[in-house]
file input-v5.txt (compact mmCIF, C-alpha atoms)
# COMPACT_ATOMS: atom_id res chain seq x y z
CA MET A 10 0.25 -5.77 -31.33
CA MET A 11 -2.90 -4.93 -29.37
CA PRO A 12 -3.32 -1.22 -28.65
CA TRP A 13 -4.55 0.11 -25.33
CA LEU A 14 -5.58 3.44 -23.87
CA ALA A 15 -3.31 5.00 -21.27
CA VAL A 16 -5.24 7.36 -18.99
CA THR A 17 -3.75 9.81 -16.48
CA LEU A 18 -6.05 11.43 -13.92
CA ASP A 19 -5.80 14.58 -11.82
CA LEU A 20 -7.03 13.84 -8.31
CA GLU A 21 -6.53 15.12 -4.78
CA ALA A 22 -4.20 12.85 -2.85
CA GLY A 23 -6.88 11.72 -0.40
CA ALA A 24 -9.18 10.49 -3.19
CA ALA A 25 -6.66 8.65 -5.35
CA GLU A 26 -6.63 5.30 -3.54
CA ALA A 27 -10.43 5.02 -3.37
CA PHE A 28 -10.69 6.04 -7.02
CA SER A 29 -8.21 3.36 -8.09
CA ASP A 30 -10.49 0.61 -6.73
CA ALA A 31 -13.52 2.22 -8.38
CA LEU A 32 -11.71 2.37 -11.74
CA LEU A 33 -11.02 -1.37 -11.66
CA ALA A 34 -14.65 -2.08 -10.82
CA ALA A 35 -15.73 0.16 -13.71
CA GLY A 36 -13.66 -1.73 -16.26
CA ALA A 37 -10.03 -0.55 -16.16
CA GLN A 38 -7.54 -3.32 -16.99
CA SER A 39 -4.94 -2.08 -14.49
CA VAL A 40 -4.37 0.89 -12.23
CA ALA A 41 -1.15 2.28 -10.77
CA LEU A 42 -0.80 4.82 -7.99
CA GLU A 43 2.75 6.09 -7.70
CA ALA A 44 4.12 9.34 -6.26
CA GLY A 45 0.67 10.91 -6.09
CA ARG A 46 -0.13 10.17 -9.75
CA LEU A 47 -2.98 7.89 -10.76
CA SER A 48 -2.82 6.19 -14.14
CA ALA A 49 -4.89 3.43 -15.73
CA ILE A 50 -4.85 1.14 -18.74
CA LEU A 51 -8.13 0.67 -20.65
CA GLU A 52 -8.99 -1.46 -23.65
CA ALA A 53 -8.44 0.40 -26.92
CA HIS A 54 -12.12 0.84 -27.74
CA ALA A 55 -13.27 1.57 -24.18
CA ASP A 56 -15.26 4.73 -23.44
CA ALA A 57 -12.78 6.41 -21.10
CA ALA A 58 -15.18 9.21 -20.15
CA ALA A 59 -17.94 6.75 -19.22
CA ILE A 60 -15.61 4.55 -17.17
CA ILE A 61 -14.19 7.53 -15.27
CA ALA A 62 -17.67 8.95 -14.66
CA ALA A 63 -18.85 5.59 -13.29
CA ALA A 64 -15.79 5.38 -11.04
CA ALA A 65 -16.38 8.91 -9.75
CA ARG A 66 -19.98 8.05 -8.82
CA SER A 67 -18.87 4.88 -7.08
CA ALA A 68 -16.06 6.59 -5.15
CA GLY A 69 -18.25 9.58 -4.26
CA VAL A 70 -15.84 12.17 -5.66
CA ALA A 71 -16.12 14.94 -8.22
CA LEU A 72 -15.45 14.02 -11.84
CA PRO A 73 -11.67 14.46 -12.29
CA ARG A 74 -9.85 15.84 -15.29
CA PHE A 75 -8.09 13.18 -17.33
CA ARG A 76 -5.94 12.61 -20.39
CA ALA A 77 -6.13 9.54 -22.63
CA GLN A 78 -3.80 8.44 -25.41
CA PRO A 79 -3.22 5.24 -27.41
CA LEU A 80 -0.51 2.93 -26.12
CA GLU A 81 0.99 -0.07 -27.93
CA ASP A 82 1.87 -3.23 -26.01
CA CYS A 83 5.63 -2.73 -26.22
CA ASP A 84 5.32 0.90 -25.13
CA TRP A 85 3.14 -0.17 -22.19
CA VAL A 86 5.81 -2.51 -20.89
CA ARG A 87 8.58 0.08 -21.18
CA ALA A 88 6.45 2.84 -19.70
CA SER A 89 5.41 0.68 -16.76
CA GLN A 90 8.94 -0.42 -16.00
CA ALA A 91 10.28 3.13 -16.23
CA GLN A 92 7.64 4.31 -13.76
CA PHE A 93 8.69 1.98 -10.94
CA GLU A 94 12.06 3.23 -9.80
CA PRO A 95 13.79 1.47 -6.89
CA PHE A 96 14.19 3.32 -3.61
CA ALA A 97 15.77 2.88 -0.19
CA VAL A 98 14.47 3.40 3.34
CA GLY A 99 17.22 3.02 5.91
CA ARG A 100 18.51 -0.56 5.70
CA LEU A 101 15.84 -1.49 3.15
CA TRP A 102 16.10 -1.40 -0.65
CA ILE A 103 12.89 -1.94 -2.61
CA GLY A 104 12.83 -2.57 -6.35
CA ALA A 105 11.12 -4.61 -9.07
CA SER A 106 12.61 -7.82 -10.44
CA TRP A 107 14.19 -6.06 -13.44
CA HIS A 108 16.25 -3.70 -11.24
CA GLU A 109 19.76 -4.60 -10.16
CA ALA A 110 20.00 -4.77 -6.38
CA PRO A 111 22.79 -2.90 -4.59
CA SER A 112 25.81 -4.74 -3.26
CA ASP A 113 26.20 -2.59 -0.14
CA GLY A 114 24.58 -5.02 2.30
CA ARG A 115 21.12 -3.48 2.30
CA ILE A 116 18.11 -5.72 2.89
CA VAL A 117 16.52 -6.32 -0.54
CA ALA A 118 12.77 -6.60 -1.09
CA ARG A 119 11.51 -7.34 -4.59
CA ILE A 120 8.02 -6.03 -5.41
CA ASP A 121 6.72 -6.32 -8.97
CA PRO A 122 3.75 -4.06 -9.80
CA GLY A 123 0.49 -5.86 -10.43
CA LEU A 124 -3.12 -4.90 -10.95
CA ALA A 125 -3.91 -1.88 -8.75
CA PHE A 126 -0.63 -2.23 -6.85
CA GLY A 127 2.52 -0.23 -7.30
CA THR A 128 5.96 -0.95 -5.92
CA GLY A 129 5.43 0.96 -2.69
CA SER A 130 6.96 4.36 -3.37
CA HIS A 131 3.86 6.28 -2.22
CA PRO A 132 4.72 8.59 0.73
CA THR A 133 2.43 6.72 3.14
CA THR A 134 4.14 3.42 2.35
CA ARG A 135 7.55 5.01 2.82
CA LEU A 136 6.44 6.33 6.22
CA VAL A 137 5.46 2.86 7.43
CA LEU A 138 8.58 1.28 5.95
CA GLY A 139 10.60 3.79 7.94
CA PHE A 140 8.69 2.86 11.09
CA LEU A 141 9.34 -0.84 10.52
CA GLU A 142 13.01 -0.24 9.76
CA GLN A 143 13.37 1.50 13.12
CA ASN A 144 11.20 -0.85 15.19
CA ILE A 145 11.88 -4.36 13.89
CA HIS A 146 15.02 -5.74 15.49
CA GLY A 147 14.36 -9.49 15.21
CA GLY A 148 11.86 -11.90 16.74
CA GLU A 149 8.77 -9.70 16.58
CA ARG A 150 5.25 -10.80 15.67
CA VAL A 151 3.80 -8.43 13.04
CA LEU A 152 0.31 -7.85 11.64
CA ASP A 153 -0.16 -5.91 8.38
CA TYR A 154 -3.89 -5.13 8.08
CA GLY A 155 -4.85 -4.02 4.57
CA CYS A 156 -1.71 -5.48 3.05
CA GLY A 157 -2.18 -4.65 -0.67
CA SER A 158 0.92 -5.90 -2.50
CA GLY A 159 2.38 -7.18 0.78
CA ILE A 160 5.33 -4.80 0.78
CA LEU A 161 5.07 -3.91 4.48
CA ALA A 162 4.69 -7.54 5.56
CA ILE A 163 7.61 -8.60 3.37
CA ALA A 164 9.78 -5.80 4.72
CA ALA A 165 8.96 -6.86 8.29
CA ALA A 166 9.91 -10.46 7.52
CA LYS A 167 13.13 -9.38 5.83
CA LEU A 168 14.00 -7.22 8.84
CA GLY A 169 13.76 -10.25 11.14
CA ALA A 170 10.17 -10.56 12.35
CA VAL A 171 9.53 -14.16 13.39
CA ARG A 172 5.83 -14.18 12.49
CA VAL A 173 4.17 -11.97 9.89
CA ASP A 174 0.48 -12.08 9.01
CA ALA A 175 -0.87 -10.04 6.08
CA VAL A 176 -4.63 -9.43 5.90
CA ASP A 177 -6.78 -7.86 3.19
CA LEU A 178 -10.46 -7.79 2.21
CA ASP A 179 -9.54 -7.99 -1.48
CA PRO A 180 -8.78 -11.57 -2.66
CA GLN A 181 -6.56 -10.07 -5.37
CA ALA A 182 -4.46 -8.36 -2.70
CA VAL A 183 -4.16 -11.59 -0.72
CA ARG A 184 -2.91 -13.37 -3.85
CA ALA A 185 -0.50 -10.55 -4.70
CA ALA A 186 0.93 -10.52 -1.16
CA ALA A 187 1.41 -14.29 -1.18
CA GLU A 188 3.07 -14.22 -4.62
CA ASN A 189 5.39 -11.35 -3.68
CA ALA A 190 6.30 -13.08 -0.42
CA ALA A 191 7.21 -16.22 -2.39
CA LEU A 192 9.27 -14.09 -4.81
CA ASN A 193 11.26 -12.83 -1.82
CA GLY A 194 11.48 -16.10 0.07
CA ALA A 195 9.76 -14.26 2.95
CA ARG A 196 7.75 -16.14 5.57
CA VAL A 197 4.48 -14.24 5.32
CA ARG A 198 0.99 -15.69 5.73
CA ALA A 199 -1.60 -13.81 3.64
CA PHE A 200 -5.32 -14.32 4.19
CA ALA A 201 -8.76 -12.69 4.45
CA PRO A 202 -9.92 -10.97 7.69
CA GLU A 203 -12.27 -13.80 8.65
CA SER A 204 -9.25 -16.11 8.98
CA LEU A 205 -7.49 -13.81 11.45
CA ALA A 206 -7.11 -15.66 14.75
CA PRO A 207 -7.42 -13.83 18.11
CA ALA A 208 -3.65 -13.51 18.41
CA GLN A 209 -1.65 -10.54 19.68
CA TYR A 210 1.24 -8.92 17.86
CA ASP A 211 4.23 -6.86 18.92
CA VAL A 212 3.82 -4.59 15.90
CA VAL A 213 0.59 -3.74 14.05
CA VAL A 214 0.63 -1.66 10.86
CA SER A 215 -2.19 -0.49 8.61
CA ASN A 216 -1.82 1.77 5.59
CA ILE A 217 -5.32 2.36 4.23
CA LEU A 218 -7.65 5.40 4.62
CA LEU A 219 -8.97 7.46 7.54
CA GLN A 220 -12.51 6.11 7.87
CA PRO A 221 -11.57 2.41 7.73
CA LEU A 222 -8.79 3.08 10.24
CA VAL A 223 -11.26 4.74 12.62
CA LEU A 224 -13.70 1.83 12.32
CA LEU A 225 -10.90 -0.70 12.81
CA ALA A 226 -9.61 0.87 16.05
CA PRO A 227 -11.15 -1.72 18.46
CA LEU A 228 -10.05 -4.63 16.26
CA LEU A 229 -6.47 -3.45 15.78
CA ALA A 230 -6.20 -2.60 19.47
CA ALA A 231 -7.35 -6.11 20.39
CA HIS A 232 -4.55 -7.56 18.27
CA ALA A 233 -1.82 -5.38 19.79
CA ALA A 234 0.13 -6.95 22.63
CA PRO A 235 0.65 -4.98 25.86
CA ARG A 236 3.34 -2.36 25.11
CA GLY A 237 3.02 -3.38 21.46
CA ARG A 238 3.53 -0.72 18.79
CA ILE A 239 1.11 0.43 16.12
CA ALA A 240 1.66 2.49 12.97
CA LEU A 241 -1.28 3.89 10.99
CA ALA A 242 -0.97 5.61 7.62
CA GLY A 243 -2.98 6.61 4.59
CA VAL A 244 -4.15 9.88 6.18
CA LEU A 245 -3.43 13.50 5.39
CA GLU A 246 -1.67 15.66 7.97
CA ALA A 247 -4.96 17.45 8.66
CA GLN A 248 -6.59 14.10 9.56
CA ALA A 249 -3.95 12.95 12.05
CA THR A 250 -5.64 14.52 15.10
CA GLU A 251 -8.91 12.72 14.36
CA LEU A 252 -7.08 9.42 13.98
CA ILE A 253 -5.16 9.89 17.24
CA ALA A 254 -8.45 10.56 19.03
CA ALA A 255 -9.97 7.35 17.63
CA TYR A 256 -7.17 5.28 19.20
CA ALA A 257 -6.83 7.26 22.46
CA ASP A 258 -8.63 4.63 24.57
CA TRP A 259 -5.96 2.03 23.85
CA PHE A 260 -2.73 3.71 22.75
CA ASP A 261 -0.42 6.53 23.69
CA ALA A 262 -0.35 7.86 20.14
CA ALA A 263 1.00 10.84 18.21
CA ALA A 264 1.66 11.91 14.65
CA ALA A 265 5.19 10.58 14.55
CA ALA A 266 6.24 11.43 10.99
CA ARG A 267 5.10 13.41 7.96
CA GLU A 268 5.94 13.41 4.26
CA ASP A 269 4.47 15.31 1.30
CA GLY A 270 1.31 16.27 3.20
CA TRP A 271 0.74 12.78 4.63
CA ALA A 272 1.11 11.70 8.26
CA LEU A 273 1.98 8.52 10.12
CA VAL A 274 0.30 8.02 13.49
CA ALA A 275 2.35 5.78 15.78
CA GLY A 276 1.54 4.59 19.27
CA VAL A 277 2.29 2.18 22.11
CA ARG A 278 -0.41 -0.08 23.61
CA ARG A 279 -1.17 0.69 27.22
call {"tool": "encode", "arguments": {"input": "input-v5.txt", "output": "structure tokens"}}
result
Amino acid sequence: MMPWLAVTLDLEAGAAEAFSDALLAAGAQSVALEAGRLSAILEAHADAAAIIAAAARSAGVALPRFRAQPLEDCDWVRASQAQFEPFAVGRLWIGASWHEAPSDGRIVARIDPGLAFGTGSHPTTRLVLGFLEQNIHGGERVLDYGCGSGILAIAAAKLGAVRVDAVDLDPQAVRAAAENAALNGARVRAFAPESLAPAQYDVVVSNILLQPLVLLAPLLAAHAAPRGRIALAGVLEAQATELIAAYADWFDAAAAAREDGWALVAGVRR
């Protein structure tokens, strides 16, 4: 069996997502962000301190505290599977392929964790899933910008959206979204931003970070149909006012929901 290093990091919630990308670029084999906890798998002989220091410089954050311990292959599998517990949001049930789905008529979405992607239990993802569960009734056109694993796009398709496009800058995310959509039999098109046609959507969602969301405001507004709805997440409660202001020229927006210190900004296109 090949041993690995399991690393757990202590980070502020707002820095965790940016740091996960930086860890992969610095040499981590995989990264998982679940329930506010960031963990990574490194090769057994990797210099954990050097990799984390490089990631901190790249992400522009202070050097975090971390813990590293050896992990055997079989333990890695069990530990990973135990970490990703299924959860429900309204009519939706989300779980990995090894979990038994409920038989109570809920809409089932299967999301297996992959490199840098969890199963969607982060509070910001739950907030957007809740928005979709309440606003997708069938026949809608949906855009998920910054799709990651594709969980939001897949949920929209499962809820009855007639067209779902999932966009991400990261080719790995585009592949993961397409693979997860196929796993679910969901009609989702996943592609890079340059392939996004000038179409309009009834529902636009984006769960990333504050600064990209601010910069994307004109683009996302252009893709929202008149009276179309938008849901923006990945921001702390304290950042919601700034995000609302960035979209004020196009949307009647407000911080519609909050969970564990995070906020969802929802709006309607004028």
call {"tool": "atom_distance", "arguments": {"input": "input-v5.txt", "atom1": "atom CA of A:Arg150", "atom2": "atom CA of A:Ile120"}}
result
21.8 Å
call {"tool": "closest_residue", "arguments": {"input": "input-v5.txt", "among": "A:Glu21, A:Glu142, A:Glu251, A:Glu246", "to": "A:Trp271", "atoms": "all atoms listed in the file"}}
result
A:Glu246
call {"tool": "residues_around", "arguments": {"input": "input-v5.txt", "residues": "A:Ala208", "least_positions_apart": "4", "cutoff": "10 Å", "atoms": "all atoms listed in the file", "output": "list in words"}}
result
Arg150, Leu152, Ala231, His232, Ala233 and Ala234 of chain A
call {"tool": "atom_distance", "arguments": {"input": "input-v5.txt", "atom1": "atom CA of A:Val213", "atom2": "atom CA of A:Asn189"}}
result
19.9 Å
call {"tool": "residues_around", "arguments": {"input": "input-v5.txt", "residues": "A:Phe140", "least_positions_apart": "5", "cutoff": "9 Å", "atoms": "only C-alpha atoms", "output": "ChimeraX atom specification"}}
result
/A:135,145,240,266,273,275
call {"tool": "atom_distance", "arguments": {"input": "input-v5.txt", "atom1": "atom CA of A:Arg184", "atom2": "atom CA of A:Ala64"}}
result
23.9 Å
call {"tool": "residues_near_point", "arguments": {"input": "input-v5.txt", "point": "(-10.9, 5.5, 13.6)", "cutoff": "9 Å", "atoms": "all atoms listed in the file", "output": "number ranges by chain"}}
result
A: 219-227, 251-256
call {"tool": "closest_residue", "arguments": {"input": "input-v5.txt", "among": "A:Ser29, A:Thr250, A:Ser48, A:Ser215", "to": "A:Val151", "atoms": "all atoms listed in the file"}}
result
A:Ser215
call {"tool": "residues_near_point", "arguments": {"input": "input-v5.txt", "point": "(18.7, -9.5, -1.6)", "cutoff": "12 Å", "atoms": "all atoms listed in the file", "output": "JSON, numbers by chain"}}
result
{"A": [100, 101, 102, 103, 104, 105, 106, 108, 109, 110, 111, 112, 113, 114, 115, 116, 117, 118, 119, 120, 164, 167, 168, 192, 193, 194, 195]}
call {"tool": "closest_residue", "arguments": {"input": "input-v5.txt", "among": "A:Leu32, A:Ala257, A:Leu245, A:Ile50", "to": "A:Trp13", "atoms": "all atoms listed in the file"}}
result
A:Ile50
call {"tool": "residues_around", "arguments": {"input": "input-v5.txt", "residues": "A:Arg198", "least_positions_apart": "3", "cutoff": "9 Å", "atoms": "all atoms listed in the file", "output": "MDAnalysis selection string"}}
result
chainID A and resid 162 172:176 186:187 190
